[in-house]
Amino acid sequence: MSDIKKFMFVNRKAPYGTIYALESLEVVLITAAFDQEVSLAFMDDGVYQLKKGQQTKGIETKNFSPTYRALEGYDIEKLYVEKESMEARGLSEGDLLVDVTVLGKKEIGELMDQQDVVLSF
Amino acid sequence: MLHIINKSPLSNGALDSCLRVAESGEILLIEDAVYAATKGSALEGKMKEAMDKLKVLVLLPDLEARGLADRIIEGVATVDYGGFVDLVASNKNCQSWL
Amino acid sequence: MKFGIVINEGPYQHQASDTAYLFCKAALEKGHEIFRVFFYHDGVNNASRLTEPPQDDRNIVARWSKLAEEHKIDLVVCVAAALRRGIKDENLAPGFRISGLGQLVEAGIQADRMVTFGD
């Protein structure tokens with residue numbers, strides 16, 4: 001048991017404008033393959049990563065958003081969205097392409113406190 | 001936990017986001033975030049408010065490099081790189097708000 | 001204590017690599033161990049031996065190589081990020097090695113603390 005750590009991936013950046021959202025998914029999948037306890041937090045512009053209906057043909061870039069829906073198959077089920085960030089962007093849960101747990105800012109902060117490793121993307 | 005900020009709060013929201021979610025712990029200002037530790041900026045009130053719940057520290061070599069070491073907000077502690085290491089070691093975990 | 005370090009930015013463009021280096025040096029002086037430094041995203045550019053800074057500037061790449069040699073530090077360059085940017089075994093500076101993202105995760109598991117430096 002001592003080899004299992006709590007990894008949290010904090011996603012705060014929008015997709016496509018920079019590579020971080022895509023890279024975060026890569027590390028998330030590898031961390032799960034190492035049998036670690038994985039959770040993802042989406043705050044600030046990171047919430048945009050989960051917006052439904054992404055069409056990337058016009059920018060000639062791979063649409064990686066379906067991967068969020070595939071995470072469940074790797075036993076990655078802890079997806080948290082910060083309520084304040086979501087609302088500040090005019091989004092609601094119905095706009096998101098995957099089931100998430102919406103948490104208030106304080107709850108997100110408390111969750112971060114409980115992690116062993118926090119990686120920012 | 002230790003929150004590490006490296007962006008100027010006057011042009012980036014990282015510090016704001018950190019202060020929004022963090023209820024306790026320590027904040028270390030490094031690189032361009034050291035401007036948040038200076039007196040007389042538009043951020044001073046917000047920083048003083050933050051200091052009620054969080055301990056705020058600044059990486060002195062970065063503040064010196066930017067010519068502002070004589071303007072630290074009262075109550076903000078300074079550390080050198082060794083102090084930075086101690087902070088990471090003494091906190092259970094840390095997050096860089098990139 | 002064992003530290004794992006992640007560097008996300010290239011040399012000279014951003015202060016991340018400088019701060020990470022000075023952090024590592026201070027940690028070693030205090031008797032800590034640097035378990036691994038993982039170079040990720042544009043951070044892989046820290047590993048190019050073709051780097052030639054002006055004479056009066058610090059040599060960031062050579063500085064990492066020297067630190068690695070003196071303290072036996074594992075400098076790992078993310079393979080996918082490296083290949084995308086033309087960093088290969090043939091232009092790798094001494095002390096660096098190219099490997100996968102699993103090395104980043106393993107550092108997170110093995111090290112007592114992980115610290116990320118980036119933009």
# chains A, B, ... in the order shown; residues from 1 in each chain; ligands from 1
$ residues_around --residues "Cys18 of chain B" --least-positions-apart "4" --cutoff "8 Å" --atoms "only C-alpha atoms" --output "PyMOL selection string"
chain B and resi 3+14+22+97
$ residues_around --residues "Lys7 of chain B" --least-positions-apart "4" --cutoff "10 Å" --atoms "only C-alpha atoms" --output "CSV table (one decimal) with N, CA, C and O atoms, in the first residue's frame"
chain,number,residue,atom,x,y,z
B,11,SER,N,-0.6,40.8,-14.2
B,11,SER,CA,-0.9,40.5,-15.6
B,11,SER,C,-1.3,39.0,-15.8
B,11,SER,O,-1.5,38.5,-16.9
B,12,ASN,N,-1.5,38.3,-14.6
B,12,ASN,CA,-1.9,36.9,-14.7
B,12,ASN,C,-2.7,36.5,-13.5
B,12,ASN,O,-2.5,37.0,-12.4
B,13,GLY,N,-3.6,35.6,-13.7
B,13,GLY,CA,-4.6,35.2,-12.6
B,13,GLY,C,-4.1,34.1,-11.7
B,13,GLY,O,-4.9,33.7,-10.8
B,14,ALA,N,-2.9,33.6,-11.8
B,14,ALA,CA,-2.5,32.5,-11.0
B,14,ALA,C,-2.6,32.8,-9.5
B,14,ALA,O,-3.1,31.9,-8.7
B,15,LEU,N,-2.1,33.9,-9.0
B,15,LEU,CA,-2.2,34.2,-7.6
B,15,LEU,C,-3.6,34.3,-7.2
B,15,LEU,O,-4.0,33.8,-6.1
B,29,LEU,N,6.3,33.3,-3.2
B,29,LEU,CA,6.3,34.1,-4.5
B,29,LEU,C,7.7,34.0,-5.0
B,29,LEU,O,8.7,34.4,-4.4
B,30,ILE,N,7.8,33.5,-6.3
B,30,ILE,CA,9.2,33.5,-6.9
B,30,ILE,C,9.1,34.1,-8.3
B,30,ILE,O,8.0,34.5,-8.8
B,31,GLU,N,10.2,34.3,-8.9
B,31,GLU,CA,10.3,34.9,-10.3
B,31,GLU,C,9.4,36.1,-10.4
B,31,GLU,O,9.4,37.0,-9.5
B,32,ASP,N,8.5,36.2,-11.4
B,32,ASP,CA,7.7,37.5,-11.6
B,32,ASP,C,6.6,37.6,-10.6
B,32,ASP,O,6.0,38.7,-10.5
B,33,ALA,N,6.4,36.6,-9.7
B,33,ALA,CA,5.4,36.8,-8.7
B,33,ALA,C,5.8,37.6,-7.5
B,33,ALA,O,5.0,38.1,-6.7
B,34,VAL,N,7.1,37.9,-7.5
B,34,VAL,CA,7.7,38.7,-6.3
B,34,VAL,C,7.0,40.1,-6.3
B,34,VAL,O,7.0,40.7,-5.2
B,35,TYR,N,6.6,40.6,-7.4
B,35,TYR,CA,5.9,41.9,-7.4
B,35,TYR,C,4.7,42.0,-6.5
B,35,TYR,O,4.3,43.0,-6.0
B,36,ALA,N,4.1,40.8,-6.2
B,36,ALA,CA,3.0,40.7,-5.3
B,36,ALA,C,3.4,41.1,-3.9
B,36,ALA,O,2.5,41.4,-3.0
B,97,TRP,N,1.7,26.9,-9.3
B,97,TRP,CA,0.5,27.5,-10.0
B,97,TRP,C,1.0,28.1,-11.4
B,97,TRP,O,1.1,29.3,-11.5
B,98,LEU,N,1.2,27.2,-12.3
B,98,LEU,CA,1.8,27.6,-13.6
B,98,LEU,C,0.7,28.2,-14.5
B,98,LEU,O,-0.4,28.0,-14.3
C,119,ASP,N,6.3,27.7,-16.9
C,119,ASP,CA,5.7,28.9,-17.3
C,119,ASP,C,4.2,28.9,-17.0
C,119,ASP,O,3.5,27.9,-17.2
$ closest_residue --among "C:Ile73, C:Leu28, C:Val37, C:Ala93" --to "Ile5 of chain C" --atoms "only C-alpha atoms"
C:Val37
$ closest_atom_pairs --of "chain C" --to "chain A" --cutoff "9 Å" --atoms "only C-alpha atoms" --output "tab-separated table"
residue	atom	partner	partner_atom	distance
C:His41	CA	A:Ile19	CA	8.3
C:Leu101	CA	A:Val27	CA	6.7
C:Gly102	CA	A:Ile30	CA	6.4
C:Leu104	CA	A:Val27	CA	8.3
C:Val105	CA	A:Thr31	CA	5.9
C:Glu106	CA	A:Phe34	CA	8.2
C:Gly108	CA	A:Val117	CA	6.5
C:Ile109	CA	A:Lys5	CA	6.6
C:Gln110	CA	A:Asp3	CA	8.2
C:Asp112	CA	A:Asp116	CA	8.7
C:Arg113	CA	A:Val117	CA	7.4
C:Met114	CA	A:Val117	CA	6.6
C:Val115	CA	A:Leu119	CA	8.5
C:Thr116	CA	A:Leu119	CA	7.4
$ atom_distance --atom1 "atom CA of Phe117 of chain C" --atom2 "atom CA of Thr61 of chain A"
27.1 Å
$ closest_atom_pairs --of "chain B" --to "chain C" --cutoff "12 Å" --atoms "only C-alpha atoms" --output "JSON lines"
{"residue": "B:Met1", "atom": "CA", "partner": "C:Arg113", "partner_atom": "CA", "distance": 11.5}
{"residue": "B:Leu2", "atom": "CA", "partner": "C:Val115", "partner_atom": "CA", "distance": 10.3}
{"residue": "B:His3", "atom": "CA", "partner": "C:Val115", "partner_atom": "CA", "distance": 10.5}
{"residue": "B:Ile4", "atom": "CA", "partner": "C:Thr116", "partner_atom": "CA", "distance": 9.2}
{"residue": "B:Ile5", "atom": "CA", "partner": "C:Phe117", "partner_atom": "CA", "distance": 10.0}
{"residue": "B:Asn6", "atom": "CA", "partner": "C:Asp119", "partner_atom": "CA", "distance": 7.8}
{"residue": "B:Lys7", "atom": "CA", "partner": "C:Asp119", "partner_atom": "CA", "distance": 8.1}
{"residue": "B:Ser8", "atom": "CA", "partner": "C:Asp119", "partner_atom": "CA", "distance": 11.5}
{"residue": "B:Asn12", "atom": "CA", "partner": "C:Asp119", "partner_atom": "CA", "distance": 11.3}
{"residue": "B:Ala14", "atom": "CA", "partner": "C:Asp119", "partner_atom": "CA", "distance": 10.9}
{"residue": "B:Ile30", "atom": "CA", "partner": "C:Thr19", "partner_atom": "CA", "distance": 8.7}
{"residue": "B:Glu31", "atom": "CA", "partner": "C:Gln15", "partner_atom": "CA", "distance": 7.1}
{"residue": "B:Asp32", "atom": "CA", "partner": "C:Gln15", "partner_atom": "CA", "distance": 9.2}
{"residue": "B:Ala33", "atom": "CA", "partner": "C:Asp119", "partner_atom": "CA", "distance": 11.6}
{"residue": "B:Leu59", "atom": "CA", "partner": "C:Thr19", "partner_atom": "CA", "distance": 10.3}
{"residue": "B:Pro61", "atom": "CA", "partner": "C:Thr19", "partner_atom": "CA", "distance": 10.2}
{"residue": "B:Asp62", "atom": "CA", "partner": "C:Thr19", "partner_atom": "CA", "distance": 9.4}
{"residue": "B:Val79", "atom": "CA", "partner": "C:Phe23", "partner_atom": "CA", "distance": 11.9}
{"residue": "B:Asp80", "atom": "CA", "partner": "C:Ala26", "partner_atom": "CA", "distance": 9.0}
{"residue": "B:Tyr81", "atom": "CA", "partner": "C:Phe23", "partner_atom": "CA", "distance": 5.6}
{"residue": "B:Gly82", "atom": "CA", "partner": "C:Ala26", "partner_atom": "CA", "distance": 5.1}
{"residue": "B:Gly83", "atom": "CA", "partner": "C:Ala26", "partner_atom": "CA", "distance": 8.7}
{"residue": "B:Phe84", "atom": "CA", "partner": "C:Phe23", "partner_atom": "CA", "distance": 7.3}
{"residue": "B:Val85", "atom": "CA", "partner": "C:Ala27", "partner_atom": "CA", "distance": 5.8}
{"residue": "B:Asp86", "atom": "CA", "partner": "C:Ala27", "partner_atom": "CA", "distance": 8.4}
{"residue": "B:Leu87", "atom": "CA", "partner": "C:Arg113", "partner_atom": "CA", "distance": 10.9}
{"residue": "B:Val88", "atom": "CA", "partner": "C:Arg113", "partner_atom": "CA", "distance": 7.2}
{"residue": "B:Ala89", "atom": "CA", "partner": "C:Arg113", "partner_atom": "CA", "distance": 7.3}
{"residue": "B:Ser90", "atom": "CA", "partner": "C:Arg113", "partner_atom": "CA", "distance": 10.1}
{"residue": "B:Asn91", "atom": "CA", "partner": "C:Arg113", "partner_atom": "CA", "distance": 9.1}
{"residue": "B:Lys92", "atom": "CA", "partner": "C:Arg113", "partner_atom": "CA", "distance": 8.0}
{"residue": "B:Asn93", "atom": "CA", "partner": "C:Arg113", "partner_atom": "CA", "distance": 6.6}
{"residue": "B:Cys94", "atom": "CA", "partner": "C:Val115", "partner_atom": "CA", "distance": 7.0}
{"residue": "B:Gln95", "atom": "CA", "partner": "C:Val115", "partner_atom": "CA", "distance": 7.4}
{"residue": "B:Ser96", "atom": "CA", "partner": "C:Thr116", "partner_atom": "CA", "distance": 6.0}
{"residue": "B:Trp97", "atom": "CA", "partner": "C:Asp119", "partner_atom": "CA", "distance": 9.0}
{"residue": "B:Leu98", "atom": "CA", "partner": "C:Asp119", "partner_atom": "CA", "distance": 5.5}
$ closest_residue --among "A:Ala88, A:Leu40, A:Leu22, A:Ala70" --to "Leu111 of chain A" --atoms "only C-alpha atoms"
A:Leu40
$ select_by_dssp --residues "chain B" --states "alpha helix (DSSP H)" --output "VMD selection string"
chain B and resid 14 to 21 44 to 50 60 to 65 81 to 90
$ interface_residues --of "chain A" --to "chain B" --cutoff "9 Å" --atoms "only C-alpha atoms" --output "mmCIF file with all heavy atoms, in the first residue's frame"
data_model
loop_
_atom_site.group_PDB
_atom_site.id
_atom_site.type_symbol
_atom_site.label_atom_id
_atom_site.label_comp_id
_atom_site.auth_asym_id
_atom_site.auth_seq_id
_atom_site.Cartn_x
_atom_site.Cartn_y
_atom_site.Cartn_z
ATOM 1 N N VAL A 10 -3.814 19.171 -11.888
ATOM 2 C CA VAL A 10 -4.569 20.414 -11.872
ATOM 3 C C VAL A 10 -4.488 21.049 -13.257
ATOM 4 O O VAL A 10 -3.414 21.443 -13.717
ATOM 5 C CB VAL A 10 -4.030 21.380 -10.803
ATOM 6 C CG1 VAL A 10 -4.832 22.677 -10.813
ATOM 7 C CG2 VAL A 10 -4.095 20.733 -9.426
ATOM 8 N N ARG A 12 -5.475 23.952 -15.640
ATOM 9 C CA ARG A 12 -5.933 25.347 -15.586
ATOM 10 C C ARG A 12 -5.829 26.058 -16.921
ATOM 11 O O ARG A 12 -6.025 27.253 -16.997
ATOM 12 C CB ARG A 12 -5.147 26.116 -14.518
ATOM 13 C CG ARG A 12 -5.395 25.596 -13.086
ATOM 14 C CD ARG A 12 -4.652 26.410 -12.034
ATOM 15 N NE ARG A 12 -4.788 27.827 -12.255
ATOM 16 C CZ ARG A 12 -3.775 28.642 -12.560
ATOM 17 N NH1 ARG A 12 -2.547 28.183 -12.638
ATOM 18 N NH2 ARG A 12 -3.992 29.919 -12.762
ATOM 19 N N MET A 43 -9.853 23.798 -13.264
ATOM 20 C CA MET A 43 -10.209 25.144 -12.814
ATOM 21 C C MET A 43 -9.723 26.183 -13.821
ATOM 22 O O MET A 43 -8.997 25.868 -14.749
ATOM 23 C CB MET A 43 -9.699 25.499 -11.420
ATOM 24 C CG MET A 43 -8.547 24.789 -10.854
ATOM 25 S SD MET A 43 -8.022 25.324 -9.212
ATOM 26 C CE MET A 43 -8.275 27.071 -9.167
ATOM 27 N N ASP A 44 -10.160 27.412 -13.619
ATOM 28 C CA ASP A 44 -9.827 28.497 -14.552
ATOM 29 C C ASP A 44 -10.129 28.036 -15.985
ATOM 30 O O ASP A 44 -11.102 27.340 -16.209
ATOM 31 C CB ASP A 44 -8.372 28.936 -14.334
ATOM 32 C CG ASP A 44 -8.155 29.490 -12.922
ATOM 33 O OD1 ASP A 44 -9.078 30.132 -12.398
ATOM 34 O OD2 ASP A 44 -7.098 29.249 -12.334
ATOM 35 N N GLY A 104 -17.108 23.356 -4.830
ATOM 36 C CA GLY A 104 -16.849 24.771 -4.551
ATOM 37 C C GLY A 104 -15.363 24.999 -4.344
ATOM 38 O O GLY A 104 -14.597 24.055 -4.160
ATOM 39 N N LYS A 105 -14.966 26.271 -4.379
ATOM 40 C CA LYS A 105 -13.536 26.608 -4.307
ATOM 41 C C LYS A 105 -12.858 26.050 -3.045
ATOM 42 O O LYS A 105 -11.732 25.557 -3.110
ATOM 43 C CB LYS A 105 -13.355 28.122 -4.396
ATOM 44 C CG LYS A 105 -14.162 28.911 -3.384
ATOM 45 C CD LYS A 105 -14.069 30.413 -3.624
ATOM 46 C CE LYS A 105 -14.852 31.145 -2.550
ATOM 47 N NZ LYS A 105 -14.796 32.598 -2.694
ATOM 48 N N LYS A 106 -13.558 26.127 -1.920
ATOM 49 C CA LYS A 106 -12.940 25.642 -0.679
ATOM 50 C C LYS A 106 -12.719 24.139 -0.707
ATOM 51 O O LYS A 106 -11.695 23.625 -0.247
ATOM 52 C CB LYS A 106 -13.809 25.985 0.533
ATOM 53 C CG LYS A 106 -13.653 27.423 0.955
ATOM 54 C CD LYS A 106 -14.396 27.702 2.243
ATOM 55 C CE LYS A 106 -14.358 29.204 2.518
ATOM 56 N NZ LYS A 106 -15.160 29.585 3.675
ATOM 57 N N GLU A 107 -13.707 23.424 -1.290
ATOM 58 C CA GLU A 107 -13.591 21.957 -1.358
ATOM 59 C C GLU A 107 -12.447 21.546 -2.285
ATOM 60 O O GLU A 107 -11.730 20.586 -2.011
ATOM 61 C CB GLU A 107 -14.903 21.354 -1.862
ATOM 62 C CG GLU A 107 -16.072 21.552 -0.918
ATOM 63 C CD GLU A 107 -17.404 21.280 -1.609
ATOM 64 O OE1 GLU A 107 -17.793 22.080 -2.482
ATOM 65 O OE2 GLU A 107 -18.024 20.269 -1.262
ATOM 66 N N ILE A 108 -12.281 22.288 -3.379
ATOM 67 C CA ILE A 108 -11.156 22.007 -4.286
ATOM 68 C C ILE A 108 -9.831 22.212 -3.547
ATOM 69 O O ILE A 108 -8.916 21.399 -3.624
ATOM 70 C CB ILE A 108 -11.219 22.928 -5.541
ATOM 71 C CG1 ILE A 108 -12.349 22.489 -6.482
ATOM 72 C CG2 ILE A 108 -9.891 22.973 -6.271
ATOM 73 C CD1 ILE A 108 -11.998 21.408 -7.481
ATOM 74 N N GLY A 109 -9.760 23.311 -2.803
ATOM 75 C CA GLY A 109 -8.547 23.610 -2.032
ATOM 76 C C GLY A 109 -8.239 22.518 -1.013
ATOM 77 O O GLY A 109 -7.092 22.100 -0.854
ATOM 78 N N GLU A 110 -9.285 22.039 -0.350
ATOM 79 C CA GLU A 110 -9.089 20.976 0.652
ATOM 80 C C GLU A 110 -8.606 19.689 0.001
ATOM 81 O O GLU A 110 -7.760 18.974 0.540
ATOM 82 C CB GLU A 110 -10.412 20.709 1.392
ATOM 83 C CG GLU A 110 -10.736 21.758 2.447
ATOM 84 C CD GLU A 110 -12.206 21.728 2.888
ATOM 85 O OE1 GLU A 110 -12.926 20.762 2.550
ATOM 86 O OE2 GLU A 110 -12.620 22.690 3.554
ATOM 87 N N MET A 112 -6.816 19.445 -2.711
ATOM 88 C CA MET A 112 -5.398 19.625 -3.051
ATOM 89 C C MET A 112 -4.513 19.333 -1.845
ATOM 90 O O MET A 112 -3.478 18.685 -1.959
ATOM 91 C CB MET A 112 -5.141 21.075 -3.487
ATOM 92 C CG MET A 112 -5.544 21.373 -4.903
ATOM 93 S SD MET A 112 -5.261 23.121 -5.242
ATOM 94 C CE MET A 112 -6.044 23.216 -6.845
ATOM 95 N N ASP A 113 -4.968 19.833 -0.684
ATOM 96 C CA ASP A 113 -4.210 19.636 0.555
ATOM 97 C C ASP A 113 -3.957 18.162 0.853
ATOM 98 O O ASP A 113 -2.949 17.799 1.444
ATOM 99 C CB ASP A 113 -4.990 20.227 1.745
ATOM 100 C CG ASP A 113 -4.770 21.719 1.900
ATOM 101 O OD1 ASP A 113 -3.798 22.227 1.317
ATOM 102 O OD2 ASP A 113 -5.569 22.365 2.600
ATOM 103 N N GLN A 114 -4.910 17.328 0.432
ATOM 104 C CA GLN A 114 -4.839 15.897 0.790
ATOM 105 C C GLN A 114 -3.956 15.068 -0.135
ATOM 106 O O GLN A 114 -3.773 13.877 0.095
ATOM 107 C CB GLN A 114 -6.253 15.301 0.777
ATOM 108 C CG GLN A 114 -7.175 15.892 1.835
ATOM 109 C CD GLN A 114 -8.644 15.630 1.511
ATOM 110 O OE1 GLN A 114 -8.975 14.829 0.655
ATOM 111 N NE2 GLN A 114 -9.530 16.319 2.223
ATOM 112 N N GLN A 115 -3.442 15.677 -1.209
ATOM 113 C CA GLN A 115 -2.682 14.906 -2.204
ATOM 114 C C GLN A 115 -1.242 14.656 -1.764
ATOM 115 O O GLN A 115 -0.700 15.359 -0.917
ATOM 116 C CB GLN A 115 -2.671 15.658 -3.542
ATOM 117 C CG GLN A 115 -4.041 15.987 -4.082
ATOM 118 C CD GLN A 115 -4.911 14.758 -4.301
ATOM 119 O OE1 GLN A 115 -4.451 13.775 -4.875
ATOM 120 N NE2 GLN A 115 -6.148 14.803 -3.836
ATOM 121 N N ASP A 116 -0.633 13.640 -2.380
ATOM 122 C CA ASP A 116 0.806 13.426 -2.197
ATOM 123 C C ASP A 116 1.588 14.164 -3.284
ATOM 124 O O ASP A 116 2.637 14.737 -3.026
ATOM 125 C CB ASP A 116 1.133 11.929 -2.278
ATOM 126 C CG ASP A 116 0.499 11.152 -1.137
ATOM 127 O OD1 ASP A 116 0.678 11.572 0.024
ATOM 128 O OD2 ASP A 116 -0.191 10.158 -1.409
ATOM 129 N N VAL A 117 1.080 14.108 -4.509
ATOM 130 C CA VAL A 117 1.757 14.758 -5.633
ATOM 131 C C VAL A 117 0.738 15.589 -6.405
ATOM 132 O O VAL A 117 -0.306 15.080 -6.804
ATOM 133 C CB VAL A 117 2.392 13.715 -6.591
ATOM 134 C CG1 VAL A 117 3.098 14.411 -7.744
ATOM 135 C CG2 VAL A 117 3.358 12.801 -5.841
ATOM 136 N N VAL A 118 1.033 16.869 -6.591
ATOM 137 C CA VAL A 118 0.149 17.725 -7.378
ATOM 138 C C VAL A 118 0.924 18.193 -8.612
ATOM 139 O O VAL A 118 1.964 18.832 -8.492
ATOM 140 C CB VAL A 118 -0.327 18.951 -6.569
ATOM 141 C CG1 VAL A 118 -1.297 19.788 -7.403
ATOM 142 C CG2 VAL A 118 -0.987 18.520 -5.272
ATOM 143 N N LEU A 119 0.439 17.825 -9.780
ATOM 144 C CA LEU A 119 1.106 18.241 -11.017
ATOM 145 C C LEU A 119 0.224 19.246 -11.758
ATOM 146 O O LEU A 119 -0.971 19.014 -11.950
ATOM 147 C CB LEU A 119 1.403 17.028 -11.904
ATOM 148 C CG LEU A 119 2.465 16.063 -11.344
ATOM 149 C CD1 LEU A 119 2.548 14.799 -12.187
ATOM 150 C CD2 LEU A 119 3.836 16.724 -11.273
ATOM 151 N N SER A 120 0.814 20.351 -12.150
ATOM 152 C CA SER A 120 0.062 21.433 -12.791
ATOM 153 C C SER A 120 0.242 21.407 -14.296
ATOM 154 O O SER A 120 1.348 21.268 -14.792
ATOM 155 C CB SER A 120 0.565 22.787 -12.303
ATOM 156 O OG SER A 120 0.615 22.804 -10.918
ATOM 157 N N PHE A 121 -0.860 21.544 -14.981
ATOM 158 C CA PHE A 121 -0.796 21.634 -16.444
ATOM 159 C C PHE A 121 -1.622 22.813 -16.928
ATOM 160 O O PHE A 121 -2.510 23.266 -16.249
ATOM 161 C CB PHE A 121 -1.323 20.341 -17.071
ATOM 162 C CG PHE A 121 -0.333 19.214 -16.966
ATOM 163 C CD1 PHE A 121 -0.340 18.383 -15.870
ATOM 164 C CD2 PHE A 121 0.618 19.019 -17.955
ATOM 165 C CE1 PHE A 121 0.588 17.359 -15.771
ATOM 166 C CE2 PHE A 121 1.544 17.997 -17.855
ATOM 167 C CZ PHE A 121 1.528 17.159 -16.763
#
$ residues_around --residues "Lys66 of chain C" --least-positions-apart "2" --cutoff "12 Å" --atoms "only C-alpha atoms" --output "list of chain:residue names"
C:Tyr21, C:Lys25, C:Asn59, C:Ile60, C:Val61, C:Ala62, C:Arg63, C:Trp64, C:Ala68, C:Glu69, C:Glu70, C:His71, C:Lys72, C:Ile73, C:Asp74, C:Leu75, C:Ala93, C:Pro94, C:Gly95, C:Phe96
$ residues_around --residues "segment 55-57 of chain A" --least-positions-apart "6" --cutoff "12 Å" --atoms "only C-alpha atoms" --output "list in words"
Pro15, Tyr16, Gly17, Asn63, Phe64, Ser65 and Pro66 of chain A
$ select_by_dssp --residues "chain C" --states "strand (DSSP E or B)" --output "PDB file with C-alpha atoms, in the first residue's frame"
ATOM      1  CA  LYS C   2      14.478  12.850  -1.904  1.00  0.00           C
ATOM      2  CA  PHE C   3      13.345  15.525  -4.366  1.00  0.00           C
ATOM      3  CA  GLY C   4      11.931  15.040  -7.844  1.00  0.00           C
ATOM      4  CA  ILE C   5      12.162  18.059 -10.144  1.00  0.00           C
ATOM      5  CA  VAL C   6      10.174  18.825 -13.306  1.00  0.00           C
ATOM      6  CA  ILE C   7      11.302  21.521 -15.753  1.00  0.00           C
ATOM      7  CA  GLU C  33      19.075  13.982  -2.629  1.00  0.00           C
ATOM      8  CA  ILE C  34      17.849  14.937  -6.099  1.00  0.00           C
ATOM      9  CA  PHE C  35      16.224  11.702  -7.216  1.00  0.00           C
ATOM     10  CA  ARG C  36      15.656  12.858 -10.771  1.00  0.00           C
ATOM     11  CA  VAL C  37      15.241  15.967 -12.908  1.00  0.00           C
ATOM     12  CA  PHE C  38      12.627  15.445 -15.604  1.00  0.00           C
ATOM     13  CA  PHE C  39      12.744  17.752 -18.630  1.00  0.00           C
ATOM     14  CA  SER C  48      21.017  20.177 -26.301  1.00  0.00           C
ATOM     15  CA  LEU C  75      18.656  13.970 -15.898  1.00  0.00           C
ATOM     16  CA  VAL C  76      15.797  12.539 -17.946  1.00  0.00           C
ATOM     17  CA  VAL C  77      14.460  14.098 -21.141  1.00  0.00           C
ATOM     18  CA  CYS C  78      10.891  13.239 -22.211  1.00  0.00           C
ATOM     19  CA  LEU C  92      22.350  15.220 -26.091  1.00  0.00           C
ATOM     20  CA  PHE C  96      21.236  13.576 -19.915  1.00  0.00           C
ATOM     21  CA  ARG C  97      19.290  10.540 -21.116  1.00  0.00           C
ATOM     22  CA  ILE C  98      16.097  10.238 -23.141  1.00  0.00           C
ATOM     23  CA  SER C  99      13.220   8.203 -21.730  1.00  0.00           C
ATOM     24  CA  ARG C 113       8.516  15.770  -2.852  1.00  0.00           C
ATOM     25  CA  MET C 114       7.946  16.832  -6.455  1.00  0.00           C
ATOM     26  CA  VAL C 115       8.565  20.419  -7.489  1.00  0.00           C
ATOM     27  CA  THR C 116       7.638  21.756 -10.928  1.00  0.00           C
ATOM     28  CA  PHE C 117       9.289  24.744 -12.581  1.00  0.00           C
TER      29      PHE C 117
END
$ atom_distance --atom1 "atom CA of Asn11 of chain A" --atom2 "atom CA of Val100 of chain A"
13.8 Å
$ decode --residues "segment 97-108 of chain A" --atoms "N, CA and C atoms" --output "tab-separated table (two decimals), in the first residue's frame"
chain	number	residue	atom	x	y	z
A	97	LEU	N	-18.62	17.42	-21.55
A	97	LEU	CA	-18.73	16.19	-22.33
A	97	LEU	C	-18.58	14.92	-21.50
A	98	VAL	N	-18.38	15.06	-20.20
A	98	VAL	CA	-18.19	13.89	-19.35
A	98	VAL	C	-18.79	14.18	-17.97
A	99	ASP	N	-19.15	13.12	-17.25
A	99	ASP	CA	-19.69	13.31	-15.90
A	99	ASP	C	-18.58	13.77	-14.96
A	100	VAL	N	-18.85	14.82	-14.23
A	100	VAL	CA	-17.85	15.34	-13.29
A	100	VAL	C	-18.52	15.59	-11.94
A	101	THR	N	-17.67	15.80	-10.94
A	101	THR	CA	-18.17	16.26	-9.65
A	101	THR	C	-17.84	17.74	-9.56
A	102	VAL	N	-18.89	18.55	-9.38
A	102	VAL	CA	-18.66	19.99	-9.26
A	102	VAL	C	-18.44	20.32	-7.78
A	103	LEU	N	-17.33	20.99	-7.50
A	103	LEU	CA	-16.99	21.33	-6.13
A	103	LEU	C	-16.79	22.84	-6.00
A	104	GLY	N	-17.11	23.36	-4.83
A	104	GLY	CA	-16.85	24.77	-4.55
A	104	GLY	C	-15.36	25.00	-4.34
A	105	LYS	N	-14.97	26.27	-4.38
A	105	LYS	CA	-13.54	26.61	-4.31
A	105	LYS	C	-12.86	26.05	-3.05
A	106	LYS	N	-13.56	26.13	-1.92
A	106	LYS	CA	-12.94	25.64	-0.68
A	106	LYS	C	-12.72	24.14	-0.71
A	107	GLU	N	-13.71	23.42	-1.29
A	107	GLU	CA	-13.59	21.96	-1.36
A	107	GLU	C	-12.45	21.55	-2.29
A	108	ILE	N	-12.28	22.29	-3.38
A	108	ILE	CA	-11.16	22.01	-4.29
A	108	ILE	C	-9.83	22.21	-3.55
